[in-house]
file data18.tsv (TSV, C-alpha atoms)
chain	number	residue	atom	x	y	z
J	22	MET	CA	10.55	23.36	7.95
J	23	SER	CA	7.28	24.87	9.14
J	24	GLU	CA	5.54	21.54	9.69
J	25	SER	CA	5.42	20.21	13.24
J	26	HIS	CA	4.77	16.58	12.46
J	27	TRP	CA	6.52	13.38	11.44
J	28	ASP	CA	6.22	11.72	8.02
J	29	PHE	CA	6.84	8.00	7.59
J	30	TRP	CA	7.72	5.67	4.73
J	31	ILE	CA	7.45	1.97	5.48
J	32	ASP	CA	8.41	-1.18	3.57
J	33	ARG	CA	6.87	-4.31	5.06
J	34	GLY	CA	8.77	-7.41	4.01
J	35	GLY	CA	8.38	-11.05	4.90
J	36	THR	CA	11.19	-10.95	7.48
J	37	PHE	CA	11.80	-7.29	8.26
J	38	THR	CA	9.80	-4.07	8.17
J	39	ASP	CA	11.85	-0.95	7.45
J	40	VAL	CA	10.52	2.32	8.84
J	41	ILE	CA	11.96	5.67	7.73
J	42	GLY	CA	10.75	8.77	9.55
J	43	ARG	CA	11.32	12.47	8.94
J	44	ASP	CA	10.96	14.53	12.10
J	45	ALA	CA	9.64	18.10	12.36
J	46	GLU	CA	13.15	19.51	11.77
J	47	GLY	CA	13.55	17.49	8.57
J	48	ARG	CA	16.01	14.92	9.94
J	49	LEU	CA	15.68	11.34	8.71
J	50	HIS	CA	15.62	8.38	11.10
J	51	ALA	CA	15.54	4.66	10.25
J	52	ARG	CA	14.43	1.59	12.16
J	53	LYS	CA	14.40	-2.09	11.14
J	54	MET	CA	11.79	-4.22	12.88
J	55	LEU	CA	10.99	-7.92	12.69
J	56	SER	CA	7.80	-8.12	10.62
J	57	GLU	CA	6.38	-10.71	13.02
J	58	ASN	CA	7.20	-10.42	16.72
J	59	PRO	CA	3.97	-11.11	18.65
J	60	SER	CA	5.69	-11.21	22.04
J	61	ALA	CA	6.89	-7.62	21.56
J	62	TYR	CA	4.24	-5.89	19.38
J	63	ARG	CA	1.11	-6.52	17.32
J	64	ASP	CA	2.18	-4.52	14.29
J	65	ALA	CA	5.75	-3.84	13.16
J	66	ALA	CA	4.90	-0.60	11.33
J	67	VAL	CA	3.16	0.96	14.34
J	68	ALA	CA	5.91	-0.28	16.67
J	69	GLY	CA	8.54	1.28	14.39
J	70	ILE	CA	6.68	4.59	14.29
J	71	ARG	CA	6.40	4.60	18.09
J	72	ALA	CA	10.11	3.77	18.46
J	73	LEU	CA	11.20	6.59	16.15
J	74	MET	CA	8.93	9.06	17.95
J	75	GLY	CA	10.31	7.94	21.33
J	76	LEU	CA	6.96	6.65	22.59
J	77	ASP	CA	6.33	3.66	24.84
J	78	ALA	CA	3.99	0.95	23.59
J	79	SER	CA	1.40	2.11	26.14
J	80	GLU	CA	1.53	5.79	25.12
J	81	PRO	CA	-0.96	7.03	22.57
J	82	ILE	CA	0.40	8.66	19.43
J	83	PRO	CA	-0.53	12.35	19.84
J	84	ALA	CA	-3.23	13.62	17.48
J	85	GLY	CA	-1.68	15.65	14.66
J	86	ALA	CA	1.82	14.30	15.30
J	87	ILE	CA	1.90	12.42	12.00
J	88	GLY	CA	1.58	14.17	8.66
J	89	GLU	CA	1.60	11.14	6.37
J	90	VAL	CA	2.37	7.46	6.30
J	91	ARG	CA	3.23	5.77	3.02
J	92	MET	CA	3.52	2.03	3.06
J	93	GLY	CA	4.57	-0.57	0.54
J	94	THR	CA	5.07	-4.27	0.78
J	95	THR	CA	7.25	-6.83	-0.90
J	96	VAL	CA	5.34	-9.76	0.59
J	97	ALA	CA	2.86	-10.03	-2.30
J	98	THR	CA	5.51	-9.20	-4.90
J	99	ASN	CA	7.78	-11.95	-3.60
J	100	ALA	CA	4.90	-14.43	-3.60
J	101	LEU	CA	4.23	-13.60	-7.25
J	102	LEU	CA	7.90	-13.82	-8.24
J	103	GLU	CA	8.33	-17.11	-6.42
J	104	ARG	CA	4.99	-18.38	-7.76
J	105	LYS	CA	3.75	-19.17	-4.25
J	106	GLY	CA	0.20	-18.80	-3.05
J	107	GLU	CA	-3.16	-19.59	-4.60
J	108	PRO	CA	-3.87	-19.09	-8.30
J	109	THR	CA	-5.83	-15.89	-8.82
J	110	ALA	CA	-7.55	-14.10	-11.65
J	111	LEU	CA	-8.54	-10.51	-12.28
J	112	ILE	CA	-11.85	-9.62	-13.86
J	113	THR	CA	-12.06	-6.01	-14.97
J	114	THR	CA	-14.10	-3.79	-17.25
J	115	ARG	CA	-13.22	-4.03	-20.94
J	116	GLY	CA	-10.61	-1.40	-21.77
J	117	PHE	CA	-8.98	-1.47	-18.33
J	118	ARG	CA	-7.06	-4.74	-18.68
J	119	ASP	CA	-3.65	-3.05	-18.34
J	120	ALA	CA	-4.62	-0.55	-15.62
J	121	LEU	CA	-3.32	-2.73	-12.78
J	122	GLU	CA	0.07	-3.25	-14.42
J	123	ILE	CA	0.44	0.33	-15.59
J	124	GLY	CA	-0.36	1.78	-12.15
J	125	TYR	CA	2.35	4.29	-11.30
J	126	ARG	CA	4.72	2.89	-13.90
J	127	ARG	CA	7.35	5.24	-15.23
J	128	GLY	CA	8.78	4.25	-18.58
J	129	PRO	CA	7.44	2.66	-21.73
J	130	ILE	CA	3.85	1.62	-21.14
J	131	PHE	CA	3.08	-0.16	-24.39
J	132	SER	CA	5.94	-2.60	-24.62
J	133	PRO	CA	5.78	-6.39	-24.92
J	134	SER	CA	7.02	-6.71	-21.32
J	135	THR	CA	3.86	-5.06	-19.97
J	136	SER	CA	1.52	-7.58	-21.59
J	137	SER	CA	1.64	-10.40	-19.05
J	138	ASN	CA	-2.03	-10.46	-18.06
J	139	ARG	CA	-2.45	-14.19	-18.61
J	140	ASN	CA	-5.03	-14.52	-15.84
J	141	CYS	CA	-7.01	-11.40	-16.67
J	142	SER	CA	-10.47	-11.47	-18.21
J	143	THR	CA	-12.57	-8.52	-19.27
J	144	VAL	CA	-16.32	-8.00	-19.22
J	145	SER	CA	-18.59	-5.37	-20.69
J	146	SER	CA	-19.77	-2.94	-18.05
J	147	PRO	CA	-23.37	-1.83	-17.70
J	148	ARG	CA	-24.25	1.74	-18.67
J	149	SER	CA	-25.23	2.41	-15.06
J	150	THR	CA	-23.70	1.25	-11.81
J	151	SER	CA	-27.20	0.88	-10.39
J	152	ALA	CA	-27.55	-2.40	-12.30
J	153	PHE	CA	-25.00	-3.94	-9.91
J	154	TRP	CA	-25.25	-1.63	-6.91
J	155	PRO	CA	-28.82	-0.52	-6.14
J	156	MET	CA	-27.47	1.83	-3.44
J	157	ALA	CA	-25.64	3.84	-6.13
J	158	LYS	CA	-29.00	4.89	-7.57
J	159	SER	CA	-30.31	6.10	-4.20
J	160	ARG	CA	-27.13	8.07	-3.45
J	161	ARG	CA	-27.57	10.20	-6.57
J	162	ASN	CA	-30.77	11.73	-5.15

call {"tool": "encode", "arguments": {"input": "data18.tsv", "output": "structure tokens"}}
result
Amino acid sequence: MSESHWDFWIDRGGTFTDVIGRDAEGRLHARKMLSENPSAYRDAAVAGIRALMGLDASEPIPAGAIGEVRMGTTVATNALLERKGEPTALITTRGFRDALEIGYRRGPIFSPSTSSNRNCSTVSSPRSTSAFWPMAKSRRN
């Protein structure tokens, strides 16, 4: 590999945060961290990155040492599946009702299983964003 940096993929869960790193030689490394451990670190993802790179908590991460960090979380997904948390609603522009569910979906988009937007309302959008955001008009000039 010609790159001289690390890439990281992180899954932050309610109990554990999994950090996978690929070093400059292309080798994969894994670390499982407690998602919450305030006596040891402020942030599990950053602590996992530091651990995989062999850095102390007090050492700065060298500029340019990281190529990319991709992070996902199951915390919100689990809350939805378990029906925990506050009731929420999504208000979106008419015609974009399914955009949130479709996202990066791979597979059949227009199936009955994708139509679960019970708490989604749509509104007509103005012809110009300047109706809602006056700064948008000034930025065009």

call {"tool": "residues_around", "arguments": {"input": "data18.tsv", "residues": "Ser56 (chain J)", "least_positions_apart": "3", "cutoff": "6 Å", "atoms": "only C-alpha atoms", "output": "PyMOL selection string"}}
result
chain J and resi 36-38+65

call {"tool": "atom_distance", "arguments": {"input": "data18.tsv", "atom1": "CA of Gly34 (chain J)", "atom2": "CA of Pro83 (chain J)"}}
result
27.0 Å

call {"tool": "atom_distance", "arguments": {"input": "data18.tsv", "atom1": "CA of Gly69 (chain J)", "atom2": "CA of Ala97 (chain J)"}}
result
20.9 Å

call {"tool": "closest_residue", "arguments": {"input": "data18.tsv", "among": "J:Pro59, J:Gly93, J:Gly106, J:Gly88", "to": "Asp28 (chain J)", "atoms": "only C-alpha atoms"}}
result
J:Gly88

call {"tool": "residues_near_point", "arguments": {"input": "data18.tsv", "point": "(12.0, -10.6, 3.3)", "cutoff": "12 Å", "atoms": "only C-alpha atoms", "output": "PyMOL selection string"}}
result
chain J and resi 32-39+53-57+94-100

call {"tool": "atom_distance", "arguments": {"input": "data18.tsv", "atom1": "CA of Ala86 (chain J)", "atom2": "CA of Ile31 (chain J)"}}
result
16.7 Å

call {"tool": "closest_residue", "arguments": {"input": "data18.tsv", "among": "J:Arg118, J:Thr109, J:His26, J:Leu101", "to": "Met74 (chain J)", "atoms": "only C-alpha atoms"}}
result
J:His26

call {"tool": "axis_aligned_box", "arguments": {"input": "data18.tsv", "around": "region 95-99 of chain J", "padding_each_side": "5 Å", "output": "AutoDock Vina command-line options"}}
result
--center_x 5.3 --center_y -9.4 --center_z -2.2 --size_x 14.9 --size_y 15.1 --size_z 15.5

call {"tool": "decode", "arguments": {"input": "data18.tsv", "residues": "region 90-114 of chain J", "atoms": "N, CA, C and O atoms", "output": "PDB file, in the first residue's frame"}}
result
ATOM      1  N   VAL J  90     -12.166   7.984   9.030  1.00  0.00           N
ATOM      2  CA  VAL J  90     -12.858   7.355  10.157  1.00  0.00           C
ATOM      3  C   VAL J  90     -14.315   7.235   9.744  1.00  0.00           C
ATOM      4  O   VAL J  90     -14.950   8.225   9.388  1.00  0.00           O
ATOM      5  N   ARG J  91     -14.816   6.024   9.770  1.00  0.00           N
ATOM      6  CA  ARG J  91     -16.241   5.798   9.497  1.00  0.00           C
ATOM      7  C   ARG J  91     -16.849   5.235  10.768  1.00  0.00           C
ATOM      8  O   ARG J  91     -16.297   4.331  11.371  1.00  0.00           O
ATOM      9  N   MET J  92     -17.985   5.817  11.138  1.00  0.00           N
ATOM     10  CA  MET J  92     -18.560   5.451  12.424  1.00  0.00           C
ATOM     11  C   MET J  92     -20.053   5.220  12.292  1.00  0.00           C
ATOM     12  O   MET J  92     -20.751   5.987  11.636  1.00  0.00           O
ATOM     13  N   GLY J  93     -20.505   4.149  12.904  1.00  0.00           N
ATOM     14  CA  GLY J  93     -21.928   3.853  12.962  1.00  0.00           C
ATOM     15  C   GLY J  93     -22.302   3.616  14.405  1.00  0.00           C
ATOM     16  O   GLY J  93     -21.454   3.476  15.276  1.00  0.00           O
ATOM     17  N   THR J  94     -23.593   3.581  14.647  1.00  0.00           N
ATOM     18  CA  THR J  94     -24.033   3.346  16.017  1.00  0.00           C
ATOM     19  C   THR J  94     -25.270   2.467  16.015  1.00  0.00           C
ATOM     20  O   THR J  94     -26.091   2.545  15.105  1.00  0.00           O
ATOM     21  N   THR J  95     -25.346   1.621  17.008  1.00  0.00           N
ATOM     22  CA  THR J  95     -26.551   0.812  17.181  1.00  0.00           C
ATOM     23  C   THR J  95     -27.402   1.355  18.328  1.00  0.00           C
ATOM     24  O   THR J  95     -28.473   0.832  18.582  1.00  0.00           O
ATOM     25  N   VAL J  96     -26.922   2.401  18.988  1.00  0.00           N
ATOM     26  CA  VAL J  96     -27.648   2.943  20.137  1.00  0.00           C
ATOM     27  C   VAL J  96     -29.042   3.414  19.712  1.00  0.00           C
ATOM     28  O   VAL J  96     -30.054   3.030  20.301  1.00  0.00           O
ATOM     29  N   ALA J  97     -29.112   4.234  18.678  1.00  0.00           N
ATOM     30  CA  ALA J  97     -30.412   4.751  18.221  1.00  0.00           C
ATOM     31  C   ALA J  97     -31.255   3.640  17.626  1.00  0.00           C
ATOM     32  O   ALA J  97     -32.464   3.577  17.849  1.00  0.00           O
ATOM     33  N   THR J  98     -30.626   2.746  16.870  1.00  0.00           N
ATOM     34  CA  THR J  98     -31.365   1.627  16.272  1.00  0.00           C
ATOM     35  C   THR J  98     -31.995   0.767  17.353  1.00  0.00           C
ATOM     36  O   THR J  98     -33.165   0.395  17.259  1.00  0.00           O
ATOM     37  N   ASN J  99     -31.226   0.450  18.389  1.00  0.00           N
ATOM     38  CA  ASN J  99     -31.759  -0.364  19.483  1.00  0.00           C
ATOM     39  C   ASN J  99     -32.903   0.344  20.192  1.00  0.00           C
ATOM     40  O   ASN J  99     -33.900  -0.284  20.562  1.00  0.00           O
ATOM     41  N   ALA J 100     -32.776   1.656  20.387  1.00  0.00           N
ATOM     42  CA  ALA J 100     -33.850   2.410  21.033  1.00  0.00           C
ATOM     43  C   ALA J 100     -35.128   2.335  20.198  1.00  0.00           C
ATOM     44  O   ALA J 100     -36.229   2.192  20.742  1.00  0.00           O
ATOM     45  N   LEU J 101     -34.990   2.413  18.878  1.00  0.00           N
ATOM     46  CA  LEU J 101     -36.166   2.302  18.010  1.00  0.00           C
ATOM     47  C   LEU J 101     -36.774   0.905  18.074  1.00  0.00           C
ATOM     48  O   LEU J 101     -37.987   0.745  18.190  1.00  0.00           O
ATOM     49  N   LEU J 102     -35.920  -0.119  17.979  1.00  0.00           N
ATOM     50  CA  LEU J 102     -36.408  -1.494  18.008  1.00  0.00           C
ATOM     51  C   LEU J 102     -37.083  -1.838  19.330  1.00  0.00           C
ATOM     52  O   LEU J 102     -38.084  -2.566  19.361  1.00  0.00           O
ATOM     53  N   GLU J 103     -36.533  -1.311  20.411  1.00  0.00           N
ATOM     54  CA  GLU J 103     -37.082  -1.594  21.735  1.00  0.00           C
ATOM     55  C   GLU J 103     -38.184  -0.615  22.118  1.00  0.00           C
ATOM     56  O   GLU J 103     -38.746  -0.700  23.199  1.00  0.00           O
ATOM     57  N   ARG J 104     -38.468   0.340  21.230  1.00  0.00           N
ATOM     58  CA  ARG J 104     -39.482   1.369  21.452  1.00  0.00           C
ATOM     59  C   ARG J 104     -39.231   2.132  22.753  1.00  0.00           C
ATOM     60  O   ARG J 104     -40.123   2.389  23.534  1.00  0.00           O
ATOM     61  N   LYS J 105     -37.962   2.496  22.961  1.00  0.00           N
ATOM     62  CA  LYS J 105     -37.571   3.308  24.112  1.00  0.00           C
ATOM     63  C   LYS J 105     -37.318   4.716  23.632  1.00  0.00           C
ATOM     64  O   LYS J 105     -37.049   4.956  22.467  1.00  0.00           O
ATOM     65  N   GLY J 106     -37.332   5.657  24.521  1.00  0.00           N
ATOM     66  CA  GLY J 106     -37.058   7.035  24.152  1.00  0.00           C
ATOM     67  C   GLY J 106     -38.337   7.822  23.920  1.00  0.00           C
ATOM     68  O   GLY J 106     -39.455   7.307  24.055  1.00  0.00           O
ATOM     69  N   GLU J 107     -38.177   9.067  23.570  1.00  0.00           N
ATOM     70  CA  GLU J 107     -39.301   9.978  23.367  1.00  0.00           C
ATOM     71  C   GLU J 107     -39.916   9.789  21.994  1.00  0.00           C
ATOM     72  O   GLU J 107     -39.208   9.523  21.030  1.00  0.00           O
ATOM     73  N   PRO J 108     -41.242   9.941  21.896  1.00  0.00           N
ATOM     74  CA  PRO J 108     -41.872   9.896  20.574  1.00  0.00           C
ATOM     75  C   PRO J 108     -41.337  11.041  19.707  1.00  0.00           C
ATOM     76  O   PRO J 108     -41.128  12.149  20.201  1.00  0.00           O
ATOM     77  N   THR J 109     -41.070  10.744  18.455  1.00  0.00           N
ATOM     78  CA  THR J 109     -40.551  11.757  17.549  1.00  0.00           C
ATOM     79  C   THR J 109     -41.331  11.733  16.245  1.00  0.00           C
ATOM     80  O   THR J 109     -42.052  10.782  15.958  1.00  0.00           O
ATOM     81  N   ALA J 110     -41.178  12.779  15.487  1.00  0.00           N
ATOM     82  CA  ALA J 110     -41.812  12.869  14.178  1.00  0.00           C
ATOM     83  C   ALA J 110     -40.823  13.509  13.208  1.00  0.00           C
ATOM     84  O   ALA J 110     -39.943  14.267  13.611  1.00  0.00           O
ATOM     85  N   LEU J 111     -40.978  13.190  11.952  1.00  0.00           N
ATOM     86  CA  LEU J 111     -40.151  13.768  10.907  1.00  0.00           C
ATOM     87  C   LEU J 111     -41.040  14.603  10.004  1.00  0.00           C
ATOM     88  O   LEU J 111     -42.082  14.136   9.551  1.00  0.00           O
ATOM     89  N   ILE J 112     -40.633  15.826   9.773  1.00  0.00           N
ATOM     90  CA  ILE J 112     -41.340  16.685   8.822  1.00  0.00           C
ATOM     91  C   ILE J 112     -40.371  16.938   7.684  1.00  0.00           C
ATOM     92  O   ILE J 112     -39.255  17.420   7.905  1.00  0.00           O
ATOM     93  N   THR J 113     -40.782  16.582   6.476  1.00  0.00           N
ATOM     94  CA  THR J 113     -39.898  16.714   5.329  1.00  0.00           C
ATOM     95  C   THR J 113     -40.659  17.297   4.143  1.00  0.00           C
ATOM     96  O   THR J 113     -41.885  17.369   4.154  1.00  0.00           O
ATOM     97  N   THR J 114     -39.932  17.705   3.143  1.00  0.00           N
ATOM     98  CA  THR J 114     -40.529  18.267   1.939  1.00  0.00           C
ATOM     99  C   THR J 114     -41.307  17.186   1.190  1.00  0.00           C
ATOM    100  O   THR J 114     -40.841  16.049   1.091  1.00  0.00           O
TER     101      THR J 114
END
